[in-house]
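To keep things clear, I will list the structure first and then write my remarks on it.
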Amino acid sequence: MATANVREKKQLMSASEMDRTLVRLAHEILEKSSDLNRLAFVGIKRRGVPLAQRISEKIAGLEGIKIPVGILDINLYRDDLSTVGERPVVQENKIGVEVAGKDIVLMDDVLYTGRTIRAALDALFDQGRAARVQLLVLIDRGHRELPIEARYVGRMVQTGSREIIEVKFQEIDGQEKVMLVERVDGDSTAA
């Protein structure tokens with residue numbers, strides 16, 4: 001979400017470019033999946049969820065098979081919880097799909113350091129042992145801190161340390177686009 005502390009640099013993807021990318025990703029999943037009946041998608045809350053739902057719909061349109069979609073909330077699995085409190089309240093984390101024995105495609109909007117995905121894997125494995133877990137991201141912006149790579153990537157975008165990728169989905173943000181924004185100093189009065 002653009003605030004006074006960031007400025008928009010450029011639009012990376014329009015709504016139609018996002019849609020074409022999702023069609024391509026759906027085809028890639030179909031090409032690399034041997035048994036669609038064992039496949040399940042899990043979207044990382046928030047923007048991984050509409051991504052997973054849309055790709056499931058694309059595959060349903062192509063193959064006539066609806067891939068189940070689960071929702072994964074990783075807040076209790078993040079390694080930065082020490083800033084929230086000493087002992088977080090643990091809530092039941094049912095994701096809505098069977099994990100055990102399934103080929104799971106974990107989905108998120110942006111892959112950056114890898115810490116979100118590490119937390120998601122912890123949360124996912126608490127639900128059961130999947131046969132295989134693959135990662136799909138709309139944008140891979142580099143700067144990894146952990147050895148995590150996506151199998152399916154919508155677009156690679158090299159970013160600087162002050163730059164941020166903002167993905168906007170109609171379902172969450174009321175608009176549809178991917179933006180590159182840059183953090184600016186609060187005292188900056190540059191035109």
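Every chain in the structure tokens has a letter given in the order shown (A, B, ...), and although residue numbers restart at 1 in each chain, ligands are simply numbered from 1 in the order shown.
Using only C-alpha atoms, the residues found no farther than 12 Å from Arg132 (chain A), other than those of its own chain fewer than 2 positions away, are Ser33, Arg38, Leu39, Ala40, Phe41, Val99, Ala100, Gly101, Lys102, Asp103, Ile104, Val105, Leu106, Leu121, Leu124, Phe125, Gly128, Arg129, Ala130, Gln134, Leu135 and Arg151 of chain A.
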**Request:** Compile the contact shell of Asp19 (chain A) as a ChimeraX atom specification: residues with an atom at most 10 Å away, counting only C-alpha atoms, same-chain residues fewer than 4 positions apart removed.
**Result:** /A:13-15,23-25,54-55,58,176
**Which of region 68-149 of chain A fall in alpha helix (DSSP H), as a list in words** =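 Residues of region 68-149 of chain A classed as alpha helix (DSSP H): Arg115, Thr116, Ile117, Arg118, Ala119, Ala120, Leu121, Asp122, Ala123, Leu124 and Phe125 of chain A.
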Put those residues in a file: N, CA and C atoms, as a compact mmCIF listing (two decimals), in the first residue's frame.
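Saved the output as again06.txt:
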# COMPACT_ATOMS: atom_id res chain seq x y z
N ARG A 115 12.10 -15.76 4.17
CA ARG A 115 11.64 -16.00 5.55
C ARG A 115 10.14 -16.29 5.62
N THR A 116 9.35 -15.65 4.80
CA THR A 116 7.91 -15.93 4.77
C THR A 116 7.68 -17.38 4.33
N ILE A 117 8.42 -17.83 3.34
CA ILE A 117 8.25 -19.20 2.84
C ILE A 117 8.71 -20.21 3.88
N ARG A 118 9.78 -19.92 4.58
CA ARG A 118 10.24 -20.82 5.64
C ARG A 118 9.15 -20.97 6.70
N ALA A 119 8.55 -19.85 7.10
CA ALA A 119 7.46 -19.90 8.07
C ALA A 119 6.27 -20.68 7.52
N ALA A 120 5.97 -20.48 6.24
CA ALA A 120 4.85 -21.18 5.60
C ALA A 120 5.09 -22.69 5.58
N LEU A 121 6.32 -23.09 5.31
CA LEU A 121 6.63 -24.52 5.31
C LEU A 121 6.44 -25.13 6.69
N ASP A 122 6.86 -24.41 7.74
CA ASP A 122 6.63 -24.89 9.11
C ASP A 122 5.14 -25.08 9.36
N ALA A 123 4.35 -24.08 8.99
CA ALA A 123 2.89 -24.15 9.19
C ALA A 123 2.28 -25.28 8.37
N LEU A 124 2.74 -25.44 7.14
CA LEU A 124 2.21 -26.47 6.26
C LEU A 124 2.51 -27.86 6.81
N PHE A 125 3.74 -28.09 7.26
CA PHE A 125 4.12 -29.40 7.76
C PHE A 125 3.39 -29.76 9.06
**Message:** Could you check the closest approach to Arg47 (chain A) for each of A:Glu63, A:Asp108, A:Glu98, A:Asp185 and tell me which residue wins, using only C-alpha atoms?
**Reply:** A:Asp108
**Prompt:** Any idea what the distance is between CA of Lys94 (chain A) and CA of Glu31 (chain A)?
**Reply:**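 Those two atoms sit 29.4 Å apart.
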**Message:** I'd like the interatomic distance between CA of Gln11 (chain A) and CA of Met179 (chain A), to a tenth of an Å.
**Reply:**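 Atom-to-atom, CA of Gln11 (chain A) and CA of Met179 (chain A) are spaced 4.4 Å apart.
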**Asked** What's the 12 Å shell around Gly64 (chain A), counting only C-alpha atoms, without same-chain residues fewer than 5 positions away, as an NGL selection string?
**Response** :A and (36-37 or 56-59)
**Request:** Take CA of Ala150 (chain A) and CA of Val137 (chain A) and report the distance between them in Å, one decimal.
**Result:**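 Distance between the two atoms: 6.6 Å.
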**Prompt:** With only C-alpha atoms as the basis for distance, which of A:Asp173, A:Val181, A:Asp126, A:Glu17 is at the shortest distance from Tyr77 (chain A)?
**Reply:**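 Checking each of A:Asp173, A:Val181, A:Asp126, A:Glu17 against Tyr77 (chain A), counting only C-alpha atoms, the winner is A:Asp126.
Minimum atom-to-atom distance to Gly154 (chain A), evaluated using only C-alpha atoms, belongs to A:Arg141 out of A:Arg141, A:Arg46, A:Lys32, A:Arg183.
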**Asked** Got a sec to tell me which of chain A DSSP assigns to strand (DSSP E or B), as a PyMOL selection string?
**Response** chain A and resi 6-13+39-44+69-72+103-111+132-140+152-156+163-168+177-183
